[in-house]
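Structure file model.txt with compact mmCIF, N, CA and C atoms and all ligand atoms:
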# COMPACT_ATOMS: atom_id res chain seq x y z
N MET A 1 2.83 -5.49 -2.47
CA MET A 1 1.81 -5.29 -3.48
C MET A 1 2.04 -6.17 -4.70
N SER A 2 3.30 -6.54 -4.97
CA SER A 2 3.57 -7.30 -6.19
C SER A 2 3.46 -8.78 -5.91
N ARG A 3 2.38 -9.38 -6.41
CA ARG A 3 2.20 -10.81 -6.25
C ARG A 3 2.80 -11.53 -7.45
N PRO A 4 3.29 -12.73 -7.22
CA PRO A 4 3.96 -13.48 -8.31
C PRO A 4 3.10 -13.62 -9.55
N GLU A 5 1.82 -13.84 -9.37
CA GLU A 5 0.97 -14.11 -10.54
C GLU A 5 0.75 -12.86 -11.40
N THR A 6 1.15 -11.71 -10.87
CA THR A 6 0.96 -10.49 -11.66
C THR A 6 2.20 -10.16 -12.48
N LEU A 7 3.27 -10.91 -12.29
CA LEU A 7 4.50 -10.59 -12.99
C LEU A 7 4.33 -10.64 -14.51
N ALA A 8 3.64 -11.68 -14.98
CA ALA A 8 3.42 -11.79 -16.43
C ALA A 8 2.61 -10.60 -16.93
N ASP A 9 1.62 -10.22 -16.15
CA ASP A 9 0.82 -9.08 -16.54
C ASP A 9 1.67 -7.81 -16.58
N GLN A 10 2.53 -7.68 -15.59
CA GLN A 10 3.39 -6.50 -15.55
C GLN A 10 4.31 -6.46 -16.75
N ARG A 11 4.81 -7.64 -17.15
CA ARG A 11 5.71 -7.67 -18.30
C ARG A 11 4.95 -7.22 -19.56
N LEU A 12 3.75 -7.75 -19.71
CA LEU A 12 2.93 -7.33 -20.84
C LEU A 12 2.71 -5.83 -20.79
N TYR A 13 2.38 -5.38 -19.60
CA TYR A 13 2.08 -3.98 -19.40
C TYR A 13 3.27 -3.10 -19.75
N LEU A 14 4.45 -3.58 -19.37
CA LEU A 14 5.66 -2.83 -19.64
C LEU A 14 5.87 -2.62 -21.14
N GLU A 15 5.51 -3.65 -21.89
CA GLU A 15 5.76 -3.56 -23.33
C GLU A 15 4.63 -2.86 -24.07
N ASP A 16 3.59 -2.53 -23.35
CA ASP A 16 2.43 -1.96 -23.99
C ASP A 16 2.39 -0.44 -23.81
N GLY A 17 3.15 0.23 -24.65
CA GLY A 17 3.05 1.68 -24.67
C GLY A 17 3.87 2.40 -23.63
N LEU A 18 4.64 1.67 -22.87
CA LEU A 18 5.46 2.35 -21.87
C LEU A 18 6.69 2.96 -22.52
N ARG A 19 7.00 4.15 -22.09
CA ARG A 19 8.20 4.82 -22.56
C ARG A 19 9.11 5.09 -21.37
N GLN A 20 10.38 4.90 -21.61
CA GLN A 20 11.31 5.23 -20.54
C GLN A 20 11.72 6.70 -20.70
N LEU A 21 11.52 7.44 -19.63
CA LEU A 21 11.83 8.85 -19.66
C LEU A 21 12.80 9.17 -18.54
N ALA A 22 13.75 10.03 -18.86
CA ALA A 22 14.67 10.49 -17.83
C ALA A 22 14.25 11.88 -17.38
N CYS A 23 14.07 12.03 -16.09
CA CYS A 23 13.71 13.33 -15.54
C CYS A 23 14.79 14.34 -15.90
N HIS A 24 14.36 15.48 -16.44
CA HIS A 24 15.32 16.51 -16.82
C HIS A 24 15.99 17.13 -15.61
N GLY A 25 15.37 16.99 -14.46
CA GLY A 25 15.92 17.61 -13.27
C GLY A 25 16.93 16.72 -12.58
N CYS A 26 16.56 15.48 -12.31
CA CYS A 26 17.40 14.63 -11.48
C CYS A 26 17.97 13.45 -12.27
N GLY A 27 17.48 13.23 -13.48
CA GLY A 27 18.01 12.14 -14.29
C GLY A 27 17.44 10.78 -13.96
N ALA A 28 16.50 10.73 -13.03
CA ALA A 28 15.90 9.45 -12.67
C ALA A 28 15.16 8.88 -13.87
N LEU A 29 15.37 7.59 -14.12
CA LEU A 29 14.69 6.92 -15.23
C LEU A 29 13.40 6.30 -14.74
N VAL A 30 12.29 6.70 -15.33
CA VAL A 30 11.01 6.11 -14.97
C VAL A 30 10.34 5.62 -16.24
N ARG A 31 9.40 4.71 -16.05
CA ARG A 31 8.61 4.23 -17.19
C ARG A 31 7.26 4.91 -17.14
N VAL A 32 6.89 5.48 -18.24
CA VAL A 32 5.68 6.28 -18.29
C VAL A 32 4.75 5.77 -19.37
N LYS A 33 3.50 5.70 -19.03
CA LYS A 33 2.51 5.30 -20.01
C LYS A 33 1.34 6.25 -19.95
N LYS A 34 0.97 6.75 -21.11
CA LYS A 34 -0.20 7.61 -21.19
C LYS A 34 -1.39 6.69 -21.42
N THR A 35 -2.16 6.47 -20.36
CA THR A 35 -3.28 5.54 -20.46
C THR A 35 -4.51 6.21 -21.04
N SER A 36 -4.58 7.51 -20.90
CA SER A 36 -5.66 8.29 -21.49
C SER A 36 -5.16 9.73 -21.48
N PRO A 37 -5.85 10.60 -22.22
CA PRO A 37 -5.40 12.01 -22.22
C PRO A 37 -5.32 12.60 -20.82
N GLN A 38 -6.14 12.08 -19.90
CA GLN A 38 -6.17 12.65 -18.55
C GLN A 38 -5.29 11.91 -17.57
N HIS A 39 -4.90 10.70 -17.92
CA HIS A 39 -4.21 9.88 -16.94
C HIS A 39 -2.86 9.39 -17.43
N THR A 40 -1.88 9.59 -16.62
CA THR A 40 -0.55 9.11 -16.95
C THR A 40 -0.10 8.15 -15.87
N SER A 41 0.34 6.98 -16.27
CA SER A 41 0.83 6.00 -15.33
C SER A 41 2.35 6.07 -15.29
N ILE A 42 2.88 6.22 -14.10
CA ILE A 42 4.32 6.33 -13.95
C ILE A 42 4.82 5.20 -13.07
N GLN A 43 5.80 4.47 -13.56
CA GLN A 43 6.38 3.39 -12.77
C GLN A 43 7.77 3.78 -12.31
N TRP A 44 7.92 3.83 -11.02
CA TRP A 44 9.21 4.20 -10.44
C TRP A 44 9.97 2.95 -10.06
N SER A 45 11.21 2.90 -10.50
CA SER A 45 12.08 1.84 -10.02
C SER A 45 12.69 2.32 -8.70
N THR A 46 13.17 1.37 -7.92
CA THR A 46 13.78 1.76 -6.65
C THR A 46 14.98 2.66 -6.89
N ARG A 47 15.66 2.43 -8.00
CA ARG A 47 16.82 3.25 -8.32
C ARG A 47 16.38 4.69 -8.64
N ALA A 48 15.29 4.80 -9.40
CA ALA A 48 14.80 6.13 -9.75
C ALA A 48 14.37 6.88 -8.49
N VAL A 49 13.76 6.16 -7.57
CA VAL A 49 13.34 6.79 -6.32
C VAL A 49 14.56 7.37 -5.59
N ARG A 50 15.64 6.62 -5.59
CA ARG A 50 16.85 7.10 -4.93
C ARG A 50 17.43 8.31 -5.64
N GLU A 51 17.31 8.30 -6.98
CA GLU A 51 17.95 9.35 -7.77
C GLU A 51 17.18 10.66 -7.73
N CYS A 52 15.89 10.58 -7.49
CA CYS A 52 15.09 11.80 -7.51
C CYS A 52 15.00 12.37 -6.11
N ALA A 53 15.67 13.49 -5.90
CA ALA A 53 15.71 14.09 -4.57
C ALA A 53 14.32 14.54 -4.13
N GLU A 54 13.55 15.10 -5.05
CA GLU A 54 12.24 15.60 -4.65
C GLU A 54 11.31 14.45 -4.28
N PHE A 55 11.38 13.39 -5.04
CA PHE A 55 10.57 12.21 -4.74
C PHE A 55 10.94 11.67 -3.37
N ALA A 56 12.24 11.51 -3.14
CA ALA A 56 12.70 10.96 -1.87
C ALA A 56 12.26 11.83 -0.70
N THR A 57 12.30 13.13 -0.91
CA THR A 57 11.89 14.05 0.15
C THR A 57 10.42 13.88 0.48
N ARG A 58 9.61 13.76 -0.57
CA ARG A 58 8.17 13.64 -0.33
C ARG A 58 7.84 12.32 0.35
N VAL A 59 8.54 11.27 -0.03
CA VAL A 59 8.33 9.99 0.62
C VAL A 59 8.76 10.08 2.09
N ALA A 60 9.88 10.76 2.32
CA ALA A 60 10.38 10.92 3.68
C ALA A 60 9.38 11.69 4.55
N LEU A 61 8.61 12.58 3.90
CA LEU A 61 7.63 13.37 4.63
C LEU A 61 6.35 12.58 4.88
N GLY A 62 6.32 11.35 4.39
CA GLY A 62 5.19 10.50 4.72
C GLY A 62 4.24 10.22 3.59
N GLU A 63 4.52 10.71 2.39
CA GLU A 63 3.64 10.43 1.27
C GLU A 63 3.86 9.01 0.79
N THR A 64 2.78 8.39 0.35
CA THR A 64 2.89 7.05 -0.19
C THR A 64 3.45 7.12 -1.60
N THR A 65 4.41 6.27 -1.89
CA THR A 65 5.08 6.35 -3.19
C THR A 65 4.09 6.21 -4.34
N ALA A 66 3.07 5.39 -4.14
CA ALA A 66 2.11 5.17 -5.21
C ALA A 66 1.32 6.43 -5.53
N LEU A 67 1.29 7.35 -4.56
CA LEU A 67 0.50 8.55 -4.77
C LEU A 67 1.34 9.72 -5.27
N VAL A 68 2.64 9.52 -5.28
CA VAL A 68 3.52 10.59 -5.73
C VAL A 68 3.71 10.49 -7.23
N ASP A 69 3.35 11.54 -7.92
CA ASP A 69 3.48 11.54 -9.37
C ASP A 69 4.93 11.69 -9.81
N GLY A 70 5.76 12.06 -8.89
CA GLY A 70 7.13 12.34 -9.25
C GLY A 70 7.42 13.79 -8.97
N CYS A 71 8.63 14.21 -9.30
CA CYS A 71 8.98 15.58 -9.00
C CYS A 71 8.39 16.52 -10.05
N THR A 72 8.42 17.78 -9.74
CA THR A 72 7.86 18.78 -10.63
C THR A 72 8.51 18.72 -12.00
N THR A 73 9.81 18.55 -12.01
CA THR A 73 10.52 18.52 -13.28
C THR A 73 10.11 17.32 -14.11
N LEU A 74 9.89 16.21 -13.44
CA LEU A 74 9.48 15.02 -14.18
C LEU A 74 8.13 15.24 -14.86
N ARG A 75 7.23 15.89 -14.15
CA ARG A 75 5.93 16.16 -14.76
C ARG A 75 6.09 17.05 -16.00
N GLU A 76 6.99 18.03 -15.90
CA GLU A 76 7.25 18.88 -17.06
C GLU A 76 7.88 18.06 -18.18
N THR A 77 8.77 17.15 -17.80
CA THR A 77 9.40 16.28 -18.78
C THR A 77 8.35 15.46 -19.52
N ILE A 78 7.40 14.93 -18.75
CA ILE A 78 6.35 14.11 -19.35
C ILE A 78 5.46 14.96 -20.26
N GLU A 79 5.09 16.14 -19.76
CA GLU A 79 4.22 17.00 -20.57
C GLU A 79 4.89 17.37 -21.88
N ARG A 80 6.19 17.61 -21.83
CA ARG A 80 6.91 17.96 -23.04
C ARG A 80 6.92 16.77 -24.00
N ALA A 81 7.14 15.58 -23.45
CA ALA A 81 7.16 14.38 -24.27
C ALA A 81 5.81 14.18 -24.96
N VAL A 82 4.74 14.50 -24.24
CA VAL A 82 3.40 14.37 -24.82
C VAL A 82 3.24 15.38 -25.95
N ARG A 83 3.66 16.60 -25.70
CA ARG A 83 3.54 17.64 -26.73
C ARG A 83 4.33 17.29 -27.97
N GLU A 84 5.48 16.68 -27.77
CA GLU A 84 6.34 16.36 -28.90
C GLU A 84 5.97 15.03 -29.55
N GLY A 85 4.91 14.41 -29.04
CA GLY A 85 4.42 13.20 -29.65
C GLY A 85 5.23 11.97 -29.30
N ARG A 86 6.08 12.08 -28.29
CA ARG A 86 6.89 10.92 -27.91
C ARG A 86 6.15 10.02 -26.93
N LEU A 87 5.04 10.52 -26.45
CA LEU A 87 4.27 9.76 -25.48
C LEU A 87 2.81 9.86 -25.89
N GLU A 88 2.27 8.78 -26.35
CA GLU A 88 0.91 8.84 -26.86
C GLU A 88 -0.01 7.95 -26.05
N ALA A 89 -1.27 8.29 -26.07
CA ALA A 89 -2.25 7.53 -25.31
C ALA A 89 -2.36 6.11 -25.85
N LYS A 90 -2.19 6.00 -27.16
CA LYS A 90 -2.27 4.68 -27.75
C LYS A 90 -0.88 4.10 -27.92
N ALA A 91 -0.76 2.82 -27.67
CA ALA A 91 0.53 2.17 -27.80
C ALA A 91 0.96 2.16 -29.26
N ALA A 92 2.15 2.67 -29.49
CA ALA A 92 2.67 2.64 -30.85
C ALA A 92 3.33 1.30 -31.11
N SER A 93 2.94 0.65 -32.16
CA SER A 93 3.46 -0.67 -32.44
C SER A 93 4.58 -0.64 -33.47
N SER A 94 4.93 0.55 -33.92
CA SER A 94 6.02 0.63 -34.88
C SER A 94 7.35 0.42 -34.18
N ALA A 95 8.27 -0.19 -34.88
CA ALA A 95 9.55 -0.53 -34.29
C ALA A 95 10.42 0.70 -34.09
ZN ZN A 101 13.25 14.38 -10.80
Written as C-alpha cells, how would this file's structure read?
Amino acid sequence: MSRPETLADQRLYLEDGLRQLACHGCGALVRVKKTSPQHTSIQWSTRAVRECAEFATRVALGETTALVDGCTTLRETIERAVREGRLEAKAASSA
C-alpha cells in the first residue's frame, strides 16, 4: 500500500496533529490523529502491532489491520486523551 511518492505526504501527515500515544493496556506506541470529532486516525507501527496482544489476536483471526482500530484499552486511552484535551481535532501548532 505504501508507494514511494506518498512518503513525503506521510511525513507531512505525521507532523500534522499526530500524537504518539501509548496504550495503557499493552504499552504499544501508536500515532493518533483526531481528524474530526467523529473520526480518529490511528497509525500502527509494526512494533506496536507486535506489542499489542489484542491487535495481534484480531489480525490472526483474519481481520485486516487497516480495519482494526486497536485494542479496547487503546480506544479508552484515546478517548481519555481527547477528554483531557491532549488530542484535538485541529492540529496544535504550539511548541
Ligand atoms: Zn493495547
* Surrounding residues of A:Ile78 excluding itself and chain neighbours under 6 positions, 8 Å, all atoms listed in the file, as a ChimeraX atom specification -> /A:21-24,32,72,84,87
* **Expected selection as number ranges by chain for ligand ZN 101 (chain A) within 7 Å, only N, CA and C atoms and all ligand atoms** => A: 23-28, 51-55, 70-74
* Grab the atom C of A:Gln20 to atom N of A:Arg47 distance for me, in Å with one decimal place. => 14.0 Å
* Asked: Distance atom CA of A:Lys34-atom CA of A:Thr57, one decimal place?
  -> 25.4 Å
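Atom pair atom CA of A:Arg58 / atom CA of A:Gly85: separated by 29.6 Å.
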